[in-house]
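As structure tokens, the structure follows; a few thoughts come after it.
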Amino acid sequence: MIHTTTITVPNSQIKDTFVITAHIASILNIAEDDMIRWAITATNGDNSSIIVTYAK
Amino acid sequence: MPNNKPIGIYIVPTGIGAEIGGYGGDALPYAKKLSRYCEYLIVNPNVANAGAYYGMSDAMIYAEGLTIDRFMEGKISFNFSQKTLDDIKIGVIFDKAVDKLPKYILNANILSINAMKTSVGINIIDYMITNEPVGAGIEMRDGISFGSIDNPETIYSAVEELIARGCNRIAVCCVLDDGNVSEEAKLAYEEGHGVDPIGGLEAIISHSIIAKYNIMAVHAPLLPIELPENIDSIDPRVASEASSFTFLPSILYGLSRSPDIATKPRGNLSVDDIDFVVVPHNCFGNPVVLEALKRGIKVYSIKDNKNNSQLKPQAYGDLFRSVIYCDDHEELYRAMQGLD
């Protein structure tokens, strides 16, 4: 099944796509290859909301 | 690749409520004009898809959003030449759930395949219906549209069958369950002040195919269409969709102008060839922009293309400091003439 969810990541991690991808995979406990796409949708103070689509 | 004019990327992410490009192919005229100043201009499907209407310039290249992400990350490159276009073979997939919709919907889509083959000359090899319903459901959260797919495996089986028949591009058409979308949200979209409720899910469906098979794929919805009695309530930006019984023609035409995805050896167009990226206002939270900035590629943000992104650039230190802001597309075109 393919899911979409929203996670929160510190702005300090928003530097590089490879860093962000690794961070998201760690939070969702999925392999990076199972991540289909992500996008930052909002900044909330020191954090960012990221919408993530992944297979699991 | 020769570089007499700049090569750029113009994206309007789908499902974010962009004032320009958030409706029915309404960014296409802006991209076409921009392409006059470019050797090539890569656009995502949301820029060019306009239901039964289409019309890209020869400089425009149509590439699905996930492939543009990976292209910018340097994970893939593109091959784009006359030979690429001559070798394109498209397969079309219909969701079995179309059985539950009025028969005219499938018929209109099959007729459009035949029309695009015989009257436009698009090389469409075959179509097939998935063995089981796809189970695609729309959701909306924080002004962004997205969704889920219960049964991607039935899509994958169809993709594998079409690849076995020689197809190298996939158009996939699913029935989208909009039970989670309010009537108010749908009406707001039609009136030109809401988010395209299906855009995010459409991107997820095509991304899932590309992620698994590394083949260019794009989604067109299977929707019951009721021509409106009162056209005054239909925003002109939605008119292409409101007047289309099938959304396939623009997808098929786009795929007929899409590049091959290359891994090794590298294709003739790579991230190293890209001179600029254009996005809606402050729409920076994606791999295309982050990779462009990392690589020193110019990023233009169009201020009057407002959208639902709530990213605040100043919260990320210097990360987005080099972004070039243009008030509108006219200012962008002037900047392009300076680049040329």
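In the structure tokens, each chain is lettered A, B, ... as it comes, each chain's residues begin at 1, and ligands are numbered from 1 in order of appearance.
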Quick one: residues within 12 Å of Ser182 of chain B, only C-alpha atoms counted, chain neighbours fewer than 3 positions away excluded, as a compact mmCIF listing (two decimals) with C-alpha atoms, in the first residue's frame?
# COMPACT_ATOMS: atom_id res chain seq x y z
CA ILE B 138 -8.17 11.54 -2.21
CA GLU B 139 -7.35 13.39 1.01
CA MET B 140 -6.72 17.03 1.77
CA ARG B 141 -4.76 18.48 4.66
CA ASP B 178 -13.33 11.81 -3.48
CA GLY B 179 -15.48 10.86 -0.49
CA ALA B 185 -13.69 22.36 -1.55
CA LYS B 186 -14.77 21.12 -4.98
CA LEU B 187 -16.85 24.23 -5.59
CA ALA B 188 -13.98 26.49 -4.51
CA TYR B 189 -11.76 24.83 -7.10
CA GLY B 194 -9.44 26.49 -4.19
CA VAL B 195 -6.97 23.63 -4.44
CA PRO B 197 -8.45 18.17 -5.00
Please tabulate, as CSV, the residues of chain B that come within 7 Å of chain A, each with its closest pair of atoms and the distance in Å to one decimal, counting only C-alpha atoms and ordering rows by chain, then residue number upward.
residue,atom,partner,partner_atom,distance
B:Gly147,CA,A:Thr4,CA,6.2
B:Ser148,CA,A:His3,CA,5.0
B:Ile149,CA,A:Ile2,CA,5.2
B:Asp150,CA,A:Met1,CA,5.1
B:Asn151,CA,A:Met1,CA,6.1
B:Pro152,CA,A:Met1,CA,6.4
B:His207,CA,A:Ile36,CA,6.4
B:Ser208,CA,A:Ile36,CA,6.5
B:Ala211,CA,A:Ile36,CA,6.5
B:Gly285,CA,A:Ile40,CA,4.3
B:Asn286,CA,A:Ala39,CA,5.0
B:Pro287,CA,A:Thr17,CA,5.8
B:Leu290,CA,A:Asp16,CA,6.5
B:Ser309,CA,A:Thr41,CA,5.3
B:Gln310,CA,A:Ala42,CA,4.1
B:Leu311,CA,A:Ala42,CA,4.4
B:Lys312,CA,A:Thr43,CA,5.7
B:Tyr316,CA,A:Asn11,CA,6.3
Produce a file of the selected residues containing all heavy atoms, as a compact mmCIF listing (two decimals), in the first residue's frame.
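The resulting file, out-v9.txt, is reproduced below:
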# COMPACT_ATOMS: atom_id res chain seq x y z
N GLY B 147 -3.13 11.70 -1.09
CA GLY B 147 -4.01 10.55 -1.05
C GLY B 147 -3.26 9.26 -0.84
O GLY B 147 -2.08 9.26 -0.49
N SER B 148 -3.96 8.14 -1.05
CA SER B 148 -3.36 6.83 -0.84
C SER B 148 -3.85 5.87 -1.92
O SER B 148 -4.85 6.12 -2.60
CB SER B 148 -3.75 6.29 0.55
OG SER B 148 -5.16 6.18 0.64
N ILE B 149 -3.10 4.79 -2.08
CA ILE B 149 -3.46 3.76 -3.07
C ILE B 149 -3.50 2.42 -2.33
O ILE B 149 -2.49 1.98 -1.77
CB ILE B 149 -2.41 3.69 -4.20
CG1 ILE B 149 -2.14 5.08 -4.78
CG2 ILE B 149 -2.87 2.74 -5.30
CD1 ILE B 149 -0.97 5.11 -5.76
N ASP B 150 -4.66 1.77 -2.34
CA ASP B 150 -4.80 0.50 -1.63
C ASP B 150 -4.11 -0.64 -2.37
O ASP B 150 -3.56 -1.54 -1.75
CB ASP B 150 -6.29 0.13 -1.47
CG ASP B 150 -6.99 1.06 -0.50
OD1 ASP B 150 -6.30 1.69 0.32
OD2 ASP B 150 -8.23 1.17 -0.57
N ASN B 151 -4.17 -0.62 -3.69
CA ASN B 151 -3.74 -1.79 -4.46
C ASN B 151 -2.80 -1.40 -5.60
O ASN B 151 -3.14 -1.55 -6.79
CB ASN B 151 -4.97 -2.51 -5.01
CG ASN B 151 -4.65 -3.86 -5.61
OD1 ASN B 151 -3.49 -4.29 -5.62
ND2 ASN B 151 -5.66 -4.54 -6.12
N PRO B 152 -1.60 -0.87 -5.26
CA PRO B 152 -0.69 -0.51 -6.35
C PRO B 152 -0.24 -1.71 -7.17
O PRO B 152 0.11 -1.57 -8.34
CB PRO B 152 0.49 0.14 -5.62
CG PRO B 152 0.43 -0.37 -4.22
CD PRO B 152 -1.02 -0.59 -3.94
N HIS B 207 4.15 8.76 -9.58
CA HIS B 207 5.44 8.58 -8.89
C HIS B 207 5.67 7.11 -8.54
O HIS B 207 6.79 6.60 -8.62
CB HIS B 207 5.47 9.35 -7.56
CG HIS B 207 5.39 10.82 -7.69
ND1 HIS B 207 5.55 11.49 -8.88
CD2 HIS B 207 5.16 11.77 -6.76
CE1 HIS B 207 5.42 12.78 -8.66
NE2 HIS B 207 5.18 12.98 -7.39
N SER B 208 4.60 6.43 -8.12
CA SER B 208 4.77 5.04 -7.68
C SER B 208 5.25 4.16 -8.84
O SER B 208 6.04 3.24 -8.64
CB SER B 208 3.48 4.51 -7.06
OG SER B 208 2.46 4.41 -8.03
N ALA B 211 8.94 5.21 -9.60
CA ALA B 211 9.86 4.74 -8.56
C ALA B 211 10.18 3.26 -8.74
O ALA B 211 11.29 2.81 -8.45
CB ALA B 211 9.25 4.99 -7.18
N GLY B 285 10.40 24.03 -0.95
CA GLY B 285 10.64 22.82 -0.13
C GLY B 285 10.62 21.54 -0.90
O GLY B 285 9.91 20.61 -0.54
N ASN B 286 11.39 21.48 -1.97
CA ASN B 286 11.41 20.29 -2.81
C ASN B 286 12.82 20.05 -3.34
O ASN B 286 13.64 20.97 -3.37
CB ASN B 286 10.42 20.45 -3.97
CG ASN B 286 10.68 21.70 -4.77
OD1 ASN B 286 11.63 21.77 -5.53
ND2 ASN B 286 9.85 22.74 -4.57
N PRO B 287 13.12 18.83 -3.76
CA PRO B 287 14.48 18.53 -4.21
C PRO B 287 14.94 19.37 -5.39
O PRO B 287 16.14 19.64 -5.51
CB PRO B 287 14.39 17.04 -4.60
CG PRO B 287 13.28 16.49 -3.77
CD PRO B 287 12.28 17.61 -3.68
N LEU B 290 16.20 22.72 -3.85
CA LEU B 290 17.35 22.51 -2.96
C LEU B 290 18.59 22.09 -3.75
O LEU B 290 19.71 22.56 -3.48
CB LEU B 290 17.00 21.46 -1.90
CG LEU B 290 16.00 21.94 -0.84
CD1 LEU B 290 15.50 20.77 -0.01
CD2 LEU B 290 16.62 23.00 0.05
N SER B 309 1.84 27.01 -0.09
CA SER B 309 3.09 26.70 0.63
C SER B 309 3.26 27.70 1.77
O SER B 309 3.16 28.91 1.56
CB SER B 309 4.29 26.80 -0.32
OG SER B 309 5.49 26.69 0.43
N GLN B 310 3.49 27.18 2.95
CA GLN B 310 3.68 28.06 4.12
C GLN B 310 5.14 28.05 4.57
O GLN B 310 5.44 28.24 5.74
CB GLN B 310 2.75 27.62 5.23
CG GLN B 310 1.27 27.79 4.86
CD GLN B 310 0.36 27.14 5.87
OE1 GLN B 310 0.46 27.38 7.06
NE2 GLN B 310 -0.52 26.28 5.39
N LEU B 311 6.02 27.77 3.62
CA LEU B 311 7.45 27.78 3.92
C LEU B 311 7.92 29.23 4.11
O LEU B 311 7.58 30.10 3.29
CB LEU B 311 8.22 27.09 2.79
CG LEU B 311 9.72 26.95 2.96
CD1 LEU B 311 10.19 25.61 2.36
CD2 LEU B 311 10.48 28.09 2.31
N LYS B 312 8.68 29.46 5.17
CA LYS B 312 9.20 30.81 5.44
C LYS B 312 10.71 30.78 5.22
O LYS B 312 11.46 30.28 6.06
CB LYS B 312 8.86 31.22 6.88
CG LYS B 312 7.34 31.30 7.14
CD LYS B 312 7.05 31.66 8.58
CE LYS B 312 5.56 31.80 8.82
NZ LYS B 312 4.83 30.50 8.67
N TYR B 316 15.54 29.50 7.50
CA TYR B 316 16.56 28.51 7.14
C TYR B 316 17.93 29.16 6.91
O TYR B 316 18.73 28.67 6.11
CB TYR B 316 16.11 27.73 5.89
CG TYR B 316 14.78 27.04 6.09
CD1 TYR B 316 13.59 27.70 5.79
CD2 TYR B 316 14.71 25.76 6.62
CE1 TYR B 316 12.36 27.09 6.00
CE2 TYR B 316 13.49 25.15 6.84
CZ TYR B 316 12.31 25.81 6.53
OH TYR B 316 11.11 25.20 6.74
Exercise. As a PyMOL selection string, which residues of segment 26-141 of chain B does DSSP assign to helix (DSSP H, G or I)?
Worked result: chain B and resi 28-35+45-48+65-72+82-86+96-100+103-120
For this session: For Lys89 of chain B, list every protein, DNA or RNA residue within 9 Å, evaluated using only C-alpha atoms, and leave out those in the same chain fewer than 2 positions away; present the list as a count of residues only.
Result: 13
Exercise. Just how far from atom CA of Ile27 of chain A is atom CA of Val9 of chain A, in Å to one decimal?
Worked result: 9.0 Å
Problem set entry | Which of chain A DSSP labels strand (DSSP E or B), written as an NGL selection string | :A and (2-10 or 35-44 or 47-55)
Could you dump the residues just selected with C-alpha atoms as a PDB file, in the first residue's frame?
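This is the output file result22.pdb:
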ATOM      1  CA  ILE A   2       1.102   3.546  -0.659  1.00  0.00           C
ATOM      2  CA  HIS A   3       0.581   6.046   2.153  1.00  0.00           C
ATOM      3  CA  THR A   4       0.997   9.759   2.603  1.00  0.00           C
ATOM      4  CA  THR A   5       1.743  11.297   5.970  1.00  0.00           C
ATOM      5  CA  THR A   6       3.005  14.530   7.460  1.00  0.00           C
ATOM      6  CA  ILE A   7       6.043  14.626   9.744  1.00  0.00           C
ATOM      7  CA  THR A   8       7.893  17.346  11.621  1.00  0.00           C
ATOM      8  CA  VAL A   9      11.612  17.898  11.106  1.00  0.00           C
ATOM      9  CA  PRO A  10      13.876  20.527  12.710  1.00  0.00           C
ATOM     10  CA  MET A  35      10.143   6.722  -0.094  1.00  0.00           C
ATOM     11  CA  ILE A  36       8.364   7.977  -3.176  1.00  0.00           C
ATOM     12  CA  ARG A  37       8.396  11.715  -2.647  1.00  0.00           C
ATOM     13  CA  TRP A  38       8.479  14.467  -0.057  1.00  0.00           C
ATOM     14  CA  ALA A  39       7.873  18.207   0.045  1.00  0.00           C
ATOM     15  CA  ILE A  40       8.151  20.813   2.782  1.00  0.00           C
ATOM     16  CA  THR A  41       4.717  22.379   3.165  1.00  0.00           C
ATOM     17  CA  ALA A  42       5.148  24.747   6.112  1.00  0.00           C
ATOM     18  CA  THR A  43       7.585  26.326   8.529  1.00  0.00           C
ATOM     19  CA  ASN A  44       6.427  26.376  12.152  1.00  0.00           C
ATOM     20  CA  ASN A  47      10.450  23.097  12.669  1.00  0.00           C
ATOM     21  CA  SER A  48       9.250  22.203   9.196  1.00  0.00           C
ATOM     22  CA  SER A  49       6.209  20.171   8.183  1.00  0.00           C
ATOM     23  CA  ILE A  50       7.058  17.673   5.477  1.00  0.00           C
ATOM     24  CA  ILE A  51       4.473  15.698   3.543  1.00  0.00           C
ATOM     25  CA  VAL A  52       5.858  12.284   2.637  1.00  0.00           C
ATOM     26  CA  THR A  53       4.571   9.570   0.317  1.00  0.00           C
ATOM     27  CA  TYR A  54       5.989   6.080   0.817  1.00  0.00           C
ATOM     28  CA  ALA A  55       5.314   2.409   0.196  1.00  0.00           C
TER      29      ALA A  55
END
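Shell of Gly192 of chain B at 10 Å, with only C-alpha atoms counted and residues fewer than 4 places along the chain excluded, is Gly17, Glu19, Gly22, Tyr23, Leu187, Ala188, Asp196, Ser233, Ile234, Asp235, Pro236, Arg237 and Val238 of chain B.
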Keeping all heavy atoms for every residue in the selection just given, could you write it to a file as a JSON list (two decimals), in the first residue's frame?
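Generated output (out_15.json):
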[["chain", "number", "residue", "atom", "x", "y", "z"],
["B", 17, "GLY", "N", -2.54, 24.65, -4.81],
["B", 17, "GLY", "CA", -3.39, 25.82, -4.97],
["B", 17, "GLY", "C", -2.68, 27.01, -5.60],
["B", 17, "GLY", "O", -2.96, 28.15, -5.23],
["B", 19, "GLU", "N", -1.92, 30.04, -7.89],
["B", 19, "GLU", "CA", -2.78, 30.95, -8.64],
["B", 19, "GLU", "C", -2.63, 30.73, -10.14],
["B", 19, "GLU", "O", -3.59, 30.81, -10.89],
["B", 19, "GLU", "CB", -2.41, 32.41, -8.33],
["B", 19, "GLU", "CG", -2.94, 32.91, -7.01],
["B", 19, "GLU", "CD", -4.43, 33.24, -7.08],
["B", 19, "GLU", "OE1", -4.86, 33.77, -8.10],
["B", 19, "GLU", "OE2", -5.13, 32.94, -6.10],
["B", 22, "GLY", "N", -2.42, 26.14, -10.98],
["B", 22, "GLY", "CA", -3.09, 25.28, -10.01],
["B", 22, "GLY", "C", -4.43, 24.75, -10.49],
["B", 22, "GLY", "O", -5.15, 24.10, -9.74],
["B", 23, "TYR", "N", -4.74, 24.99, -11.76],
["B", 23, "TYR", "CA", -6.06, 24.62, -12.26],
["B", 23, "TYR", "C", -5.91, 23.68, -13.47],
["B", 23, "TYR", "O", -5.32, 22.61, -13.32],
["B", 23, "TYR", "CB", -6.86, 25.90, -12.54],
["B", 23, "TYR", "CG", -7.11, 26.65, -11.23],
["B", 23, "TYR", "CD1", -6.20, 27.60, -10.76],
["B", 23, "TYR", "CD2", -8.19, 26.33, -10.44],
["B", 23, "TYR", "CE1", -6.40, 28.23, -9.55],
["B", 23, "TYR", "CE2", -8.40, 26.96, -9.22],
["B", 23, "TYR", "CZ", -7.50, 27.91, -8.78],
["B", 23, "TYR", "OH", -7.68, 28.53, -7.57],
["B", 187, "LEU", "N", -16.27, 23.01, -5.02],
["B", 187, "LEU", "CA", -16.85, 24.23, -5.59],
["B", 187, "LEU", "C", -15.81, 25.35, -5.64],
["B", 187, "LEU", "O", -15.71, 26.09, -6.62],
["B", 187, "LEU", "CB", -18.07, 24.65, -4.77],
["B", 187, "LEU", "CG", -18.95, 25.75, -5.36],
["B", 187, "LEU", "CD1", -19.53, 25.32, -6.71],
["B", 187, "LEU", "CD2", -20.07, 26.12, -4.41],
["B", 188, "ALA", "N", -15.02, 25.45, -4.56],
["B", 188, "ALA", "CA", -13.98, 26.49, -4.51],
["B", 188, "ALA", "C", -13.00, 26.33, -5.65],
["B", 188, "ALA", "O", -12.55, 27.31, -6.27],
["B", 188, "ALA", "CB", -13.25, 26.44, -3.16],
["B", 196, "ASP", "N", -6.82, 22.17, -6.38],
["B", 196, "ASP", "CA", -7.20, 21.02, -7.20],
["B", 196, "ASP", "C", -7.22, 19.79, -6.29],
["B", 196, "ASP", "O", -6.17, 19.34, -5.82],
["B", 196, "ASP", "CB", -6.17, 20.84, -8.32],
["B", 196, "ASP", "CG", -6.47, 19.64, -9.20],
["B", 196, "ASP", "OD1", -7.46, 18.94, -8.92],
["B", 196, "ASP", "OD2", -5.70, 19.41, -10.15],
["B", 233, "SER", "N", -20.15, 30.34, -13.41],
["B", 233, "SER", "CA", -19.51, 29.94, -12.16],
["B", 233, "SER", "C", -18.21, 29.18, -12.39],
["B", 233, "SER", "O", -17.51, 28.84, -11.44],
["B", 233, "SER", "CB", -20.46, 29.06, -11.34],
["B", 233, "SER", "OG", -20.72, 27.86, -12.04],
["B", 234, "ILE", "N", -17.87, 28.91, -13.65],
["B", 234, "ILE", "CA", -16.65, 28.15, -13.95],
["B", 234, "ILE", "C", -15.53, 29.12, -14.25],
["B", 234, "ILE", "O", -15.57, 29.85, -15.25],
["B", 234, "ILE", "CB", -16.85, 27.20, -15.16],
["B", 234, "ILE", "CG1", -18.07, 26.28, -14.94],
["B", 234, "ILE", "CG2", -15.59, 26.40, -15.43],
["B", 234, "ILE", "CD1", -17.90, 25.28, -13.84],
["B", 235, "ASP", "N", -14.51, 29.13, -13.41],
["B", 235, "ASP", "CA", -13.36, 30.00, -13.65],
["B", 235, "ASP", "C", -12.71, 29.61, -14.98],
["B", 235, "ASP", "O", -12.56, 28.42, -15.28],
["B", 235, "ASP", "CB", -12.36, 29.81, -12.50],
["B", 235, "ASP", "CG", -11.22, 30.82, -12.58],
["B", 235, "ASP", "OD1", -10.27, 30.60, -13.39],
["B", 235, "ASP", "OD2", -11.26, 31.80, -11.82],
["B", 236, "PRO", "N", -12.30, 30.58, -15.80],
["B", 236, "PRO", "CA", -11.67, 30.24, -17.09],
["B", 236, "PRO", "C", -10.47, 29.30, -16.94],
["B", 236, "PRO", "O", -10.19, 28.51, -17.85],
["B", 236, "PRO", "CB", -11.23, 31.61, -17.63],
["B", 236, "PRO", "CG", -12.18, 32.57, -17.01],
["B", 236, "PRO", "CD", -12.48, 32.04, -15.64],
["B", 237, "ARG", "N", -9.79, 29.36, -15.80],
["B", 237, "ARG", "CA", -8.62, 28.47, -15.61],
["B", 237, "ARG", "C", -9.04, 27.01, -15.46],
["B", 237, "ARG", "O", -8.21, 26.11, -15.57],
["B", 237, "ARG", "CB", -7.81, 28.92, -14.39],
["B", 237, "ARG", "CG", -7.13, 30.27, -14.57],
["B", 237, "ARG", "CD", -6.58, 30.79, -13.25],
["B", 237, "ARG", "NE", -7.65, 31.04, -12.30],
["B", 237, "ARG", "CZ", -7.47, 31.39, -11.02],
["B", 237, "ARG", "NH1", -6.23, 31.52, -10.56],
["B", 237, "ARG", "NH2", -8.49, 31.61, -10.24],
["B", 238, "VAL", "N", -10.30, 26.77, -15.18],
["B", 238, "VAL", "CA", -10.81, 25.40, -15.03],
["B", 238, "VAL", "C", -11.56, 24.96, -16.28],
["B", 238, "VAL", "O", -11.98, 23.81, -16.39],
["B", 238, "VAL", "CB", -11.75, 25.31, -13.79],
["B", 238, "VAL", "CG1", -12.08, 23.88, -13.44],
["B", 238, "VAL", "CG2", -11.10, 25.98, -12.57]]
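Using only C-alpha atoms, the residues found no farther than 7 Å from Ile129 of chain B, other than those of its own chain fewer than 5 positions away, are Ile93, Phe94, Asp95 and Lys96 of chain B.
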Export, as a short mmCIF file (atom, residue, chain, number, x, y, z; two decimals), in the first residue's frame, the selected residues with C-alpha atoms.
data_model
loop_
_atom_site.label_atom_id
_atom_site.label_comp_id
_atom_site.auth_asym_id
_atom_site.auth_seq_id
_atom_site.Cartn_x
_atom_site.Cartn_y
_atom_site.Cartn_z
CA ILE B 93 -3.88 1.57 -18.19
CA PHE B 94 -7.46 1.91 -16.98
CA ASP B 95 -8.51 1.19 -13.41
CA LYS B 96 -10.96 -1.73 -13.23
#
Exercise. So how many Å separate atom CA of Lys32 of chain B and atom CA of Phe284 of chain B, to one decimal?
Worked result: 22.4 Å
Which residues are near Tyr156 of chain B? Cut-off 9 Å, only C-alpha atoms, ignore same chain within fewer than 6 positions. Put them as a PDB file with all heavy atoms, in the first residue's frame.
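File produced: selection.pdb:
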ATOM      1  N   ILE B 209       4.759   4.438 -10.030  1.00  0.00           N
ATOM      2  CA  ILE B 209       5.194   3.661 -11.206  1.00  0.00           C
ATOM      3  C   ILE B 209       6.640   3.979 -11.551  1.00  0.00           C
ATOM      4  O   ILE B 209       7.464   3.093 -11.793  1.00  0.00           O
ATOM      5  CB  ILE B 209       4.265   3.954 -12.411  1.00  0.00           C
ATOM      6  CG1 ILE B 209       2.851   3.476 -12.107  1.00  0.00           C
ATOM      7  CG2 ILE B 209       4.813   3.302 -13.678  1.00  0.00           C
ATOM      8  CD1 ILE B 209       1.820   3.899 -13.145  1.00  0.00           C
ATOM      9  N   LYS B 212       9.229   2.493  -9.222  1.00  0.00           N
ATOM     10  CA  LYS B 212       9.431   1.044  -9.337  1.00  0.00           C
ATOM     11  C   LYS B 212      10.065   0.639 -10.674  1.00  0.00           C
ATOM     12  O   LYS B 212      10.874  -0.288 -10.720  1.00  0.00           O
ATOM     13  CB  LYS B 212       8.083   0.336  -9.165  1.00  0.00           C
ATOM     14  CG  LYS B 212       8.188  -1.180  -8.976  1.00  0.00           C
ATOM     15  CD  LYS B 212       6.856  -1.757  -8.538  1.00  0.00           C
ATOM     16  CE  LYS B 212       6.929  -3.272  -8.375  1.00  0.00           C
ATOM     17  NZ  LYS B 212       7.795  -3.684  -7.265  1.00  0.00           N
ATOM     18  N   TYR B 213       9.694   1.333 -11.763  1.00  0.00           N
ATOM     19  CA  TYR B 213      10.118   0.864 -13.093  1.00  0.00           C
ATOM     20  C   TYR B 213      11.032   1.833 -13.836  1.00  0.00           C
ATOM     21  O   TYR B 213      11.522   1.500 -14.927  1.00  0.00           O
ATOM     22  CB  TYR B 213       8.885   0.568 -13.955  1.00  0.00           C
ATOM     23  CG  TYR B 213       8.038  -0.538 -13.372  1.00  0.00           C
ATOM     24  CD1 TYR B 213       6.886  -0.250 -12.642  1.00  0.00           C
ATOM     25  CD2 TYR B 213       8.412  -1.868 -13.514  1.00  0.00           C
ATOM     26  CE1 TYR B 213       6.130  -1.256 -12.073  1.00  0.00           C
ATOM     27  CE2 TYR B 213       7.661  -2.888 -12.949  1.00  0.00           C
ATOM     28  CZ  TYR B 213       6.520  -2.566 -12.228  1.00  0.00           C
ATOM     29  OH  TYR B 213       5.782  -3.578 -11.661  1.00  0.00           O
TER      30      TYR B 213
END
For this session: Could you give me, as a PyMOL selection string, the residues within 8 Å of Leu176 of chain B, counting only C-alpha atoms and dropping anything in the same chain fewer than 3 positions from it?
Result: chain B and resi 135-138+198+221-223
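Atom CA of Ile61 of chain B is positioned 5.7 Å from atom CA of Ser258 of chain B.
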